[in-house]
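K.L.:
Here it is: the structure, laid out below.
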Amino acid sequence: MVKAIYPGSFDPVTNGHLDIIDRASKVFEHLIVAVLENPRKDVMFSMSERVQMLENTTGCYDNVEVVCHQGLLVDFAQKLGVRIIIKGLRAISDFENEFQMALVNRKLNYNVETMFMVTNNMYSYVSSSIVKEVASYGGDIRELVPSQVYTMIKNKLFERIHNK
Ligand code: PNS
């Protein structure tokens, strides 16, 4: 069975991520969506909240599994017996960071290959960070994230304001 792992911080999952999951699920027999920590980013949602939002939005795929891991991606891939990492590429600006991560991962484990899927142009400007920024200023993000995620973001911002 050809398996692939699609890693990310998914804080939160966006329609751009879901587009990659949809397309990758048609190419690979089994797709593992892995929620990982990105030490370079501050998060809005806990790991279990991020897993929950991904499970809720990918439940329609028989061959997609959502997991989480704290530690190196390549170690996790090896443990799961997966040799392909799928990454979405939106723009040239993504490339430098993704190229560095792909090279680091290959240095850490030569048996694991990174493959890039070019984003759907409808979502080329969508990122988790932009979604959080727009939402925090009261902007409309309903076309950028699934409706359940929209509600979770609204609730999180409400909690933040009322717990200050
Ligand atoms: O969605 P993101 O934040 O761009 O995803 C980045 C992520 C989580 C895939 C990356 O930070 C990662 O692989 N973290 C796990 C730790 C690791 O393996 N680091 C070495 C590769 S840079």
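How things are named: the first chain in the structure tokens is A, the next is B, and so on; residues count from 1 in each chain; ligands count from 1 in the order shown.
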Could you give me, as number ranges by chain, every polymer residue with an atom at most 10 Å away from an atom of ligand 1, counting only C-alpha atoms and all ligand atoms?

P.N.:
A: 6-13, 17, 34-43, 69-77, 85-88, 94, 97-108, 127-129

K.L.:
Report as CSV the residues of stretch 4-84 of chain A within 7 Å of stretch 143-154 of chain A, each with its shortest atom pair and distance in Å (one decimal), using only C-alpha atoms, ordered by chain and increasing residue number.

P.N.:
```
residue,atom,partner,partner_atom,distance
A:Thr14,CA,A:Val145,CA,4.6
A:Asn15,CA,A:Val145,CA,5.0
A:Met53,CA,A:Val149,CA,6.5
```

K.L.:
List as a ChimeraX atom specification the protein and nucleic acid residues near A:Leu80, meaning an atom at most 10 Å away when only C-alpha atoms are counted, but skip any in the same chain fewer than 6 places from it.

P.N.:
/A:3-5,32,74

K.L.:
Between atom CA of A:Leu157 and atom CA of A:Gly138, what is the spacing in Å?

P.N.:
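These atoms are spaced 9.7 Å apart.
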
K.L.:
How far is it from atom CA of A:Gly16 to atom CA of A:Tyr125, in Å with one decimal?

P.N.:
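Value for the atom CA of A:Gly16-atom CA of A:Tyr125 distance: 8.9 Å.
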
K.L.:
Return the single residue from A:Lys79, A:Glu96, A:Arg90, A:Val27 that is closest to A:Val64, with distances computed using only C-alpha atoms.

P.N.:
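Smallest distance to A:Val64 is found for A:Val27.
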
K.L.:
What does the structure give for the distance between atom CA of A:Leu54 and atom CA of A:Val66, in Å to one decimal?

P.N.:
6.8 Å
